[in-house]
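Peer 1: Sharing a structure with you now.
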2 protein chains.
Amino acid sequence: MRQEDRLGQILRKLNEHGSVGVGVLAAELNVSEASVRRDLHLLEEQQLLTRTHGGAVASGVLYELPMRYRGGQHFEAKRAIAAHVDTLVPADATSVGLNGGTTTTEVARALVRRPHLRIVTNALNIASELAVRANIELVVCGGSARSESYELVGPLAEQTLANINVDVAVLGVDGVSPAAGFTTHHEVEANTNRALVRAAERTIVVADSSKIGRRTFAKIVDIAAVSDIVTDAQVTDADVAALERLGPVVHVVYTSITNAHVY
Amino acid sequence: MRQEDRLGQILRKLNEHGSVGVGVLAAELNVSEASVRRDLHLLEEQQLLTRTHGGAVASGVLYELPMRYRGGQHFEAKRAIAAHVDTLVPADATSVGLNGGTTTTEVARALVRRPHLRIVTNALNIASELAVRANIELVVCGGSARSESYELVGPLAEQTLANINVDVAVLGVDGVSPAAGFTTHHEVEANTNRALVRAAERTIVVADSSKIGRRTFAKIVDIAAVSDIVTDAQVTDADVAALERLGPVVHVVYTSITNAHVY
DNA sequence: AGCGTTCCGCTCATAATCGATCACCATCCA
DNA sequence: TGGATGGTGATCGATTATGAGCGGAACGCT
């Protein structure tokens with residue numbers, strides 16, 4: 001096991017149990033106690049934990065570890081959804097807005113292949129990935145960063161978005177329900193996402209099938225406010241019908257496992 | 001298998017697992033480890049991943065990796081400067097502003113050790129590193145991203161900064177000249193940096209000695225506009241005297257090479 | 001407080017990995 | 001055909017990570 005994996009494992013364990021022991025870690029990670037101590041020292045220097053005799057305890061509130069650790073779920077579906085969104089965005093679109101999330105990150109990766117595009121986003125991870133692309137004109141919202149979602153939210157973000165217009169917004173959400181509309185886990189995030197929808201002429205929602213029918217805490221907009229919903233084939237026909245009655249076109253994407261070779 | 005395909009495979013694997021190992025990749029792709037390293041190097045240059053000893057992790061990592069991977073010129077000096085800036089920022093400061101640059105990135109890494117702090121920045125790389133810290137309240141400017149410096153600049157950034165006040169701004173610059181003031185290579189960047197200085201009650205400029213006496217394209221502010229300049233010991237006494245005559249205190253930091261072993 | 005045990009930090013030797021360089025081979029184009 | 005170009009694998013000195021050993025500090029028990 002390599003060092004960076006160990007650091008992740010230690011943090012994860014700390015997150016679950018609140019404390020860890022040097023001996024236990026050494027056994028679980030198959031390394032010497034000396035190495036465990038080195039790792040703990042490394043993490044302590046960054047305030048990610050507090051050393052104790054014989055181990056370490058979590059320092060402060062350690063939130064759910066972001067993106068990097070939950071990339072795997074529904075991966076193929078998200079990628080297929082992203083590829084389809086790429087076809088929905090007109091070739092002559094000049095600006096696209098993206099909020100945060102693993103699916104929208106995949107959309108960003110798909111859009112990057114276009115010869116030229118202006119991308120507006122409030123997601124830090126997307127911004128970092130796109131910043132080096134010469135063919136992408138990247139605009140980032142201001143705002144406060146949420147460590148859970150890597151999104152920039154709050155009044156500053158909304159103020160930025162109020163001065164911007166995009167051709168298409170691609171919106172990742174946590175829940176899609178005919179009755180409750182599009183929802184997310186966090187209220188401030190919902191506000192910012194709503195600002196993004198307002199800035200867009202047309203909105204495409206991306207949501208893998210696990211989100212369909214679910215309602216989470218904060219409402220972003222009604223189902224009728226968007227033009228398209230893209231999801232994967234695990235969705236039920238009844239859900240599709242219920243959503244389409246409210247206005248948007250629902251695109252169901254079939255995952256073709258074989259078709260790899262997409263960066 | 002062609003190189004293009006390998007790059008795709010590596011990125012794909014990185015997305016799913018968060019990290020990859022050189023040996024594993026070499027075996028899976030049926031190429032030598034030398035080629036894998038070349039591929040990883042290629043991808044690292046595009047900021048698509050971060051190299052580690054024995055492999056690579058997805059970029060935008062959660063925590064600071066062992067220091068060898070943060071090479072670059074004058075690295076020791078930058079690190080020493082950052083440590084000194086940490087002592088200059090009062091312990092009870094509630095908010096610190098940072099612009100982009102390698103030195104300010106080091107400052108951010110030093111400040112992260114404080115129990116609680118609000119950090120305002122227009123640098124994407126700094127934002128990515130700080131986003132997960134529970135003890136840091138991170139505020140990011142809006143704006144257009146410059147791929148060269150990873151900074152968010154332009155009217156949107158300035159508008160954001162106009163609504164913000166910070167106790168201390170730590171400003172990285174490209175040139176420090178008694179006659180020309182603090183300068184940077186890019187005009188729009190200079191404007192945004194000026195906005196950051198305006199938002200701050202007090203400004204500390206960080207500049208390793210290679211920048212002292214140099215003047216680059218666009219002026220940010222006069223020497224007199226800042227309270228402190230932190231640089232390393234390669235600076236000449238004459239330069240220090242000339243700068244101090246204009247107002248700011250010049251702190252000369254001595255790099256203690258021996259004092260290595262900082263994890 | 002005294003004492004034994006455990007744990008820590010430090011140093012050193014070893015093993016693994018890295019970056020640079022070189023020769024080799026396939027492909028492309030004149 | 002023949003040179004140029006670019007990718008590949010191997011080699012070598014240098015760097016980094018690891019595990020073990022040792023003196024000293026912290027902890028728990030009496």
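By order in the structure tokens, chains are A, B, ...; within a chain, residues start at 1; ligands start at 1, following the order shown.
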Output as a PyMOL selection string the set of chain A residues within 10 Å of chain C, with distances taken over only C-alpha atoms (C1' of nucleotides).

Peer 2: chain A and resi 22+34+37+53-55

Peer 1: Least-squares fit on all C-alpha atoms, paired in order: put chain B onto chain A and return it as a CSV table (one decimal) with C-alpha atoms, in the first residue's frame.

Peer 2:
```csv
chain,number,residue,atom,x,y,z
B,1,MET,CA,1.1,6.5,21.6
B,2,ARG,CA,-2.5,7.6,21.7
B,3,GLN,CA,-4.8,7.8,18.8
B,4,GLU,CA,-5.1,11.6,19.0
B,5,ASP,CA,-1.4,11.9,18.8
B,6,ARG,CA,-1.3,9.6,15.8
B,7,LEU,CA,-3.9,11.7,13.9
B,8,GLY,CA,-1.8,14.8,14.5
B,9,GLN,CA,1.4,13.0,13.3
B,10,ILE,CA,-0.3,11.8,10.2
B,11,LEU,CA,-1.6,15.2,9.3
B,12,ARG,CA,1.7,16.7,10.0
B,13,LYS,CA,3.5,14.3,7.7
B,14,LEU,CA,0.9,14.8,5.1
B,15,ASN,CA,1.5,18.6,5.2
B,16,GLU,CA,5.2,18.1,4.8
B,17,HIS,CA,5.3,15.4,2.2
B,18,GLY,CA,1.9,15.7,0.4
B,19,SER,CA,1.4,11.9,0.7
B,20,VAL,CA,1.8,9.1,3.2
B,21,GLY,CA,1.9,5.3,3.0
B,22,VAL,CA,0.2,2.9,5.2
B,23,GLY,CA,3.2,0.7,5.8
B,24,VAL,CA,5.5,3.6,6.5
B,25,LEU,CA,3.1,5.1,9.0
B,26,ALA,CA,2.6,1.8,10.7
B,27,ALA,CA,6.3,1.5,11.3
B,28,GLU,CA,6.8,5.0,12.4
B,29,LEU,CA,3.9,5.1,14.8
B,30,ASN,CA,4.5,1.6,16.1
B,31,VAL,CA,1.0,0.3,15.5
B,32,SER,CA,-0.5,-2.2,13.1
B,33,GLU,CA,-1.5,-1.3,9.6
B,34,ALA,CA,-5.1,-2.0,10.6
B,35,SER,CA,-4.9,0.9,13.0
B,36,VAL,CA,-3.3,3.2,10.5
B,37,ARG,CA,-6.1,2.4,8.1
B,38,ARG,CA,-8.6,3.2,10.8
B,39,ASP,CA,-6.9,6.5,11.4
B,40,LEU,CA,-6.8,7.4,7.8
B,41,HIS,CA,-10.4,6.5,7.4
B,42,LEU,CA,-11.2,8.8,10.4
B,43,LEU,CA,-9.4,11.7,8.8
B,44,GLU,CA,-10.9,11.0,5.4
B,45,GLU,CA,-14.4,11.4,6.9
B,46,GLN,CA,-13.4,14.8,8.0
B,47,GLN,CA,-12.2,15.6,4.6
B,48,LEU,CA,-8.8,16.2,5.9
B,49,LEU,CA,-7.2,13.8,3.4
B,50,THR,CA,-8.0,11.6,0.5
B,51,ARG,CA,-7.4,7.8,0.7
B,52,THR,CA,-5.5,6.1,-2.0
B,53,HIS,CA,-4.4,2.6,-2.5
B,54,GLY,CA,-1.5,2.1,-0.1
B,55,GLY,CA,-1.8,5.4,1.7
B,56,ALA,CA,-3.3,8.8,1.4
B,57,VAL,CA,-2.7,12.2,-0.1
B,58,ALA,CA,-3.6,15.7,1.1
B,59,SER,CA,-7.1,16.6,0.2
B,60,GLY,CA,-7.8,19.0,-2.7
B,61,VAL,CA,-5.6,16.9,-4.9
B,62,LEU,CA,-4.3,18.1,-8.2
B,63,TYR,CA,-5.7,15.4,-10.3
B,64,GLU,CA,-8.3,12.8,-10.3
B,65,LEU,CA,-7.3,9.6,-8.6
B,66,PRO,CA,-8.1,6.2,-9.8
B,67,MET,CA,-11.8,5.6,-9.7
B,68,ARG,CA,-12.2,3.1,-6.9
B,69,TYR,CA,-12.0,5.9,-4.4
B,70,ARG,CA,-15.0,7.7,-5.7
B,71,GLY,CA,-17.5,5.1,-4.7
B,72,GLY,CA,-21.0,5.8,-3.6
B,73,GLN,CA,-24.5,4.9,-4.6
B,74,HIS,CA,-25.5,4.8,-8.2
B,75,PHE,CA,-22.0,5.6,-9.2
B,76,GLU,CA,-22.1,4.0,-12.6
B,77,ALA,CA,-25.4,5.7,-13.4
B,78,LYS,CA,-24.0,9.1,-12.4
B,79,ARG,CA,-20.9,8.6,-14.5
B,80,ALA,CA,-23.0,7.6,-17.5
B,81,ILE,CA,-25.3,10.6,-17.0
B,82,ALA,CA,-22.2,12.8,-16.9
B,83,ALA,CA,-20.9,11.4,-20.1
B,84,HIS,CA,-24.2,12.0,-21.8
B,85,VAL,CA,-24.4,15.6,-20.5
B,86,ASP,CA,-21.0,16.1,-22.1
B,87,THR,CA,-22.5,15.3,-25.5
B,88,LEU,CA,-25.4,17.7,-24.9
B,89,VAL,CA,-23.2,20.7,-24.2
B,90,PRO,CA,-22.3,22.1,-27.6
B,91,ALA,CA,-18.7,21.9,-28.5
B,92,ASP,CA,-18.6,25.7,-29.0
B,93,ALA,CA,-20.1,26.5,-25.6
B,94,THR,CA,-17.9,29.0,-23.9
B,95,SER,CA,-19.3,28.8,-20.4
B,96,VAL,CA,-21.0,26.2,-18.3
B,97,GLY,CA,-22.5,26.6,-14.8
B,98,LEU,CA,-22.6,23.8,-12.3
B,99,ASN,CA,-24.1,23.5,-8.9
B,100,GLY,CA,-23.1,21.1,-6.2
B,101,GLY,CA,-23.6,17.3,-6.0
B,102,THR,CA,-22.0,14.1,-6.9
B,103,THR,CA,-23.5,13.9,-10.3
B,104,THR,CA,-22.5,17.4,-11.2
B,105,THR,CA,-19.0,16.7,-10.0
B,106,GLU,CA,-18.9,13.9,-12.5
B,107,VAL,CA,-20.1,16.3,-15.1
B,108,ALA,CA,-17.2,18.6,-14.2
B,109,ARG,CA,-14.8,15.8,-14.6
B,110,ALA,CA,-16.1,15.0,-18.0
B,111,LEU,CA,-16.1,18.6,-19.2
B,112,VAL,CA,-12.5,19.1,-18.1
B,113,ARG,CA,-11.4,17.1,-21.2
B,114,ARG,CA,-12.4,19.9,-23.4
B,115,PRO,CA,-9.6,22.1,-24.8
B,116,HIS,CA,-11.0,25.3,-23.3
B,117,LEU,CA,-14.0,26.1,-21.2
B,118,ARG,CA,-15.1,28.6,-18.6
B,119,ILE,CA,-16.8,26.9,-15.7
B,120,VAL,CA,-18.9,28.7,-13.1
B,121,THR,CA,-19.7,26.9,-9.9
B,122,ASN,CA,-20.8,27.3,-6.4
B,123,ALA,CA,-19.5,23.9,-5.3
B,124,LEU,CA,-16.3,24.0,-3.3
B,125,ASN,CA,-15.3,20.4,-4.2
B,126,ILE,CA,-15.7,21.0,-7.9
B,127,ALA,CA,-13.7,24.3,-7.6
B,128,SER,CA,-10.9,22.6,-5.8
B,129,GLU,CA,-10.6,19.9,-8.5
B,130,LEU,CA,-10.7,22.3,-11.3
B,131,ALA,CA,-8.5,25.1,-9.9
B,132,VAL,CA,-5.3,23.7,-11.3
B,133,ARG,CA,-6.5,23.0,-14.8
B,134,ALA,CA,-4.8,25.2,-17.3
B,135,ASN,CA,-7.5,24.7,-19.9
B,136,ILE,CA,-10.3,25.7,-17.5
B,137,GLU,CA,-11.2,29.2,-16.6
B,138,LEU,CA,-12.8,28.8,-13.2
B,139,VAL,CA,-15.2,31.3,-11.7
B,140,VAL,CA,-16.6,30.6,-8.2
B,141,CYS,CA,-19.6,32.2,-6.6
B,142,GLY,CA,-19.2,33.9,-3.3
B,143,GLY,CA,-21.4,32.9,-0.4
B,144,SER,CA,-21.7,30.9,2.8
B,145,ALA,CA,-20.6,27.4,2.7
B,146,ARG,CA,-23.0,24.6,3.6
B,147,SER,CA,-21.0,21.8,5.2
B,148,GLU,CA,-23.6,19.2,4.1
B,149,SER,CA,-23.4,19.9,0.4
B,150,TYR,CA,-20.2,21.8,0.0
B,151,GLU,CA,-22.2,24.4,-1.8
B,152,LEU,CA,-21.8,28.2,-1.5
B,153,VAL,CA,-25.2,29.7,-1.0
B,154,GLY,CA,-27.0,32.8,0.2
B,155,PRO,CA,-27.3,36.4,-0.9
B,156,LEU,CA,-23.7,36.7,-1.8
B,157,ALA,CA,-23.9,33.8,-4.1
B,158,GLU,CA,-27.0,35.1,-5.8
B,159,GLN,CA,-25.5,38.6,-6.2
B,160,THR,CA,-22.5,37.0,-7.9
B,161,LEU,CA,-24.7,35.0,-10.2
B,162,ALA,CA,-26.7,38.0,-11.1
B,163,ASN,CA,-23.7,39.5,-12.8
B,164,ILE,CA,-22.9,36.4,-14.8
B,165,ASN,CA,-24.3,34.7,-17.8
B,166,VAL,CA,-23.5,31.2,-18.9
B,167,ASP,CA,-24.4,29.2,-22.0
B,168,VAL,CA,-25.5,26.1,-20.2
B,169,ALA,CA,-26.3,25.4,-16.6
B,170,VAL,CA,-26.0,21.8,-15.4
B,171,LEU,CA,-28.2,21.5,-12.3
B,172,GLY,CA,-28.2,18.6,-9.8
B,173,VAL,CA,-31.3,18.3,-7.8
B,174,ASP,CA,-32.7,16.2,-5.0
B,175,GLY,CA,-36.2,15.7,-6.4
B,176,VAL,CA,-38.0,15.8,-9.8
B,177,SER,CA,-41.7,15.7,-9.7
B,178,PRO,CA,-44.1,16.8,-12.5
B,179,ALA,CA,-46.3,18.5,-9.9
B,180,ALA,CA,-43.7,19.9,-7.5
B,181,GLY,CA,-41.0,20.8,-10.0
B,182,PHE,CA,-37.4,20.4,-9.2
B,183,THR,CA,-36.7,20.5,-5.5
B,184,THR,CA,-33.9,20.4,-3.1
B,185,HIS,CA,-33.6,19.7,0.6
B,186,HIS,CA,-32.7,23.2,1.7
B,187,GLU,CA,-34.4,26.5,1.1
B,188,VAL,CA,-31.4,28.7,0.7
B,189,GLU,CA,-29.8,26.3,-1.6
B,190,ALA,CA,-32.9,26.3,-3.8
B,191,ASN,CA,-32.7,30.1,-4.0
B,192,THR,CA,-29.1,30.0,-5.1
B,193,ASN,CA,-29.8,27.3,-7.6
B,194,ARG,CA,-32.6,29.3,-9.0
B,195,ALA,CA,-30.2,32.2,-9.6
B,196,LEU,CA,-28.0,29.8,-11.5
B,197,VAL,CA,-30.8,28.8,-13.7
B,198,ARG,CA,-31.6,32.4,-14.4
B,199,ALA,CA,-28.1,33.1,-15.4
B,200,ALA,CA,-28.2,30.4,-18.0
B,201,GLU,CA,-29.5,30.5,-21.5
B,202,ARG,CA,-30.3,26.8,-21.2
B,203,THR,CA,-30.5,24.4,-18.3
B,204,ILE,CA,-29.9,20.7,-18.2
B,205,VAL,CA,-31.0,18.9,-15.1
B,206,VAL,CA,-29.1,15.8,-14.0
B,207,ALA,CA,-30.8,13.3,-11.6
B,208,ASP,CA,-30.4,9.6,-11.3
B,209,SER,CA,-33.6,7.6,-11.3
B,210,SER,CA,-33.9,7.5,-7.5
B,211,LYS,CA,-34.7,11.2,-7.6
B,212,ILE,CA,-37.4,11.0,-10.2
B,213,GLY,CA,-40.9,11.3,-8.8
B,214,ARG,CA,-39.6,12.4,-5.5
B,215,ARG,CA,-40.4,15.8,-4.0
B,216,THR,CA,-38.2,17.4,-1.3
B,217,PHE,CA,-38.5,20.5,0.7
B,218,ALA,CA,-37.7,23.5,-1.4
B,219,LYS,CA,-38.7,24.2,-5.0
B,220,ILE,CA,-36.1,25.5,-7.4
B,221,VAL,CA,-38.0,25.9,-10.6
B,222,ASP,CA,-40.8,24.3,-12.6
B,223,ILE,CA,-40.2,21.4,-14.8
B,224,ALA,CA,-41.0,23.6,-17.8
B,225,ALA,CA,-38.1,25.9,-17.0
B,226,VAL,CA,-35.4,23.5,-18.2
B,227,SER,CA,-34.7,22.2,-21.6
B,228,ASP,CA,-33.3,18.7,-20.8
B,229,ILE,CA,-33.4,16.2,-18.1
B,230,VAL,CA,-30.8,13.4,-18.0
B,231,THR,CA,-31.4,10.3,-16.0
B,232,ASP,CA,-30.7,6.6,-16.0
B,233,ALA,CA,-32.6,3.6,-17.2
B,234,GLN,CA,-34.3,2.7,-13.9
B,235,VAL,CA,-36.8,5.4,-14.6
B,236,THR,CA,-40.3,4.4,-15.6
B,237,ASP,CA,-41.8,5.2,-18.9
B,238,ALA,CA,-44.8,6.8,-17.2
B,239,ASP,CA,-42.5,9.3,-15.4
B,240,VAL,CA,-40.7,10.1,-18.6
B,241,ALA,CA,-43.9,10.8,-20.4
B,242,ALA,CA,-45.3,12.9,-17.6
B,243,LEU,CA,-42.1,15.0,-17.6
B,244,GLU,CA,-41.9,15.4,-21.3
B,245,ARG,CA,-45.5,16.6,-21.5
B,246,LEU,CA,-44.3,19.6,-19.5
B,247,GLY,CA,-41.6,20.6,-22.0
B,248,PRO,CA,-38.1,19.3,-21.4
B,249,VAL,CA,-36.5,16.5,-23.4
B,250,VAL,CA,-35.8,13.5,-21.1
B,251,HIS,CA,-32.6,11.6,-21.9
B,252,VAL,CA,-32.5,8.1,-20.6
B,253,VAL,CA,-28.9,6.8,-20.3
B,254,TYR,CA,-28.2,3.1,-20.3
B,255,THR,CA,-25.4,2.0,-18.0
B,256,SER,CA,-23.2,-0.4,-19.8
B,257,ILE,CA,-21.7,-2.2,-16.8
B,258,THR,CA,-19.5,-4.4,-19.1
B,259,ASN,CA,-17.8,-1.3,-20.4
B,260,ALA,CA,-15.6,-1.0,-17.3
B,261,HIS,CA,-11.9,-0.5,-17.3
B,262,VAL,CA,-12.3,3.2,-17.5
B,263,TYR,CA,-9.2,4.4,-15.7
```

Peer 1: List every residue of region 99-254 of chain A that DSSP, applied to the backbone, labels as strand (DSSP E), and write the result as a ChimeraX atom specification.

Peer 2: /A:117-121,136-140,143-146,151-153,166-172,175-177,181-184,200-206,218-221,228-232,249-253

Peer 1: Once you count only C-alpha atoms (C1' of nucleotides), what closest atom pair and distance in Å to one decimal does each residue of chain D within 9 Å of chain B have, with rows by chain and rising residue number, as a tab-separated table?

Peer 2:
```
residue	atom	partner	partner_atom	distance
D:DG7	C1'	B:Gln3	CA	8.4
D:DT8	C1'	B:Ser35	CA	7.0
D:DG9	C1'	B:Ser32	CA	6.5
D:DT15	C1'	B:Arg68	CA	9.0
D:DT16	C1'	B:His53	CA	7.6
D:DA17	C1'	B:His53	CA	8.4
```

Peer 1: Would you please give, as an NGL selection string, all residues of region 17-254 of chain B that DSSP assigns to alpha helix (DSSP H) based on the backbone?

Peer 2: :B and (17 or 22-29 or 33-45 or 75-88 or 102-111 or 124-130 or 155-162 or 187-199 or 237-245)

Peer 1: Hey, can you spit out that residue selection with C-alpha atoms as a short mmCIF file (atom, residue, chain, number, x, y, z; two decimals), in the first residue's frame?

Peer 2:
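Full text of out-v6.cif as output:
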```cif
data_model
loop_
_atom_site.label_atom_id
_atom_site.label_comp_id
_atom_site.auth_asym_id
_atom_site.auth_seq_id
_atom_site.Cartn_x
_atom_site.Cartn_y
_atom_site.Cartn_z
CA HIS B 17 -9.93 4.64 -7.51
CA VAL B 22 3.30 2.84 -11.31
CA GLY B 23 3.90 -0.89 -11.01
CA VAL B 24 0.24 -1.79 -11.26
CA LEU B 25 -0.26 0.38 -14.30
CA ALA B 26 2.80 -1.01 -16.02
CA ALA B 27 1.46 -4.52 -15.59
CA GLU B 28 -2.07 -3.67 -16.67
CA LEU B 29 -1.02 -1.70 -19.71
CA GLU B 33 7.46 1.39 -15.80
CA ALA B 34 9.50 3.99 -17.60
CA SER B 35 6.67 4.56 -20.03
CA VAL B 36 4.14 4.75 -17.27
CA ARG B 37 6.22 7.42 -15.60
CA ARG B 38 6.38 9.32 -18.83
CA ASP B 39 2.63 9.12 -19.18
CA LEU B 40 2.10 10.28 -15.64
CA HIS B 41 4.48 13.12 -16.19
CA LEU B 42 2.56 14.12 -19.28
CA LEU B 43 -0.72 14.15 -17.41
CA GLU B 44 0.78 16.00 -14.52
CA GLU B 45 1.86 18.78 -16.82
CA PHE B 75 11.56 26.70 -2.90
CA GLU B 76 13.36 26.86 0.41
CA ALA B 77 13.25 30.62 0.32
CA LYS B 78 9.53 30.67 -0.41
CA ARG B 79 8.85 28.32 2.41
CA ALA B 80 10.90 30.36 4.86
CA ILE B 81 9.16 33.52 3.71
CA ALA B 82 5.80 31.86 4.25
CA ALA B 83 6.75 30.82 7.76
CA HIS B 84 7.73 34.36 8.57
CA VAL B 85 4.51 35.78 7.18
CA ASP B 86 2.70 33.42 9.50
CA THR B 87 4.35 35.19 12.43
CA LEU B 88 3.45 38.61 11.03
CA THR B 102 3.77 29.84 -5.44
CA THR B 103 4.83 31.90 -2.46
CA THR B 104 1.31 32.77 -1.42
CA THR B 105 0.41 29.12 -1.79
CA GLU B 106 3.04 28.34 0.78
CA VAL B 107 1.63 31.06 2.98
CA ALA B 108 -1.76 29.41 2.72
CA ARG B 109 -0.25 26.12 3.80
CA ALA B 110 1.27 27.80 6.81
CA LEU B 111 -1.90 29.62 7.79
CA LEU B 124 -7.83 28.43 -7.80
CA ASN B 125 -5.03 26.18 -6.62
CA ILE B 126 -5.14 27.64 -3.12
CA ALA B 127 -8.90 27.32 -3.04
CA SER B 128 -8.73 23.67 -4.02
CA GLU B 129 -6.27 22.90 -1.29
CA LEU B 130 -8.17 24.69 1.41
CA PRO B 155 -14.42 42.85 -13.27
CA LEU B 156 -16.25 40.03 -11.55
CA ALA B 157 -13.35 39.46 -9.20
CA GLU B 158 -13.06 43.14 -8.43
CA GLN B 159 -16.76 43.41 -7.80
CA THR B 160 -16.54 40.56 -5.32
CA LEU B 161 -13.58 42.11 -3.57
CA ALA B 162 -15.35 45.44 -3.34
CA GLU B 187 -2.58 44.16 -16.57
CA VAL B 188 -5.89 42.61 -15.60
CA GLU B 189 -4.19 40.72 -12.84
CA ALA B 190 -2.75 43.94 -11.54
CA ASN B 191 -6.20 45.48 -11.35
CA THR B 192 -7.58 42.59 -9.40
CA ASN B 193 -4.63 42.55 -7.05
CA ARG B 194 -5.12 46.25 -6.45
CA ALA B 195 -8.69 45.53 -5.47
CA LEU B 196 -7.43 43.00 -2.96
CA VAL B 197 -5.08 45.57 -1.44
CA ARG B 198 -7.96 48.00 -1.16
CA ALA B 199 -10.04 45.44 0.66
CA ASP B 237 21.28 45.99 1.68
CA ALA B 238 20.96 48.85 -0.76
CA ASP B 239 17.65 47.50 -2.04
CA VAL B 240 16.36 47.05 1.47
CA ALA B 241 17.31 50.58 2.41
CA ALA B 242 15.74 52.05 -0.71
CA LEU B 243 12.49 50.25 -0.04
CA GLU B 244 12.33 51.08 3.63
CA ARG B 245 12.80 54.75 2.87
#
```
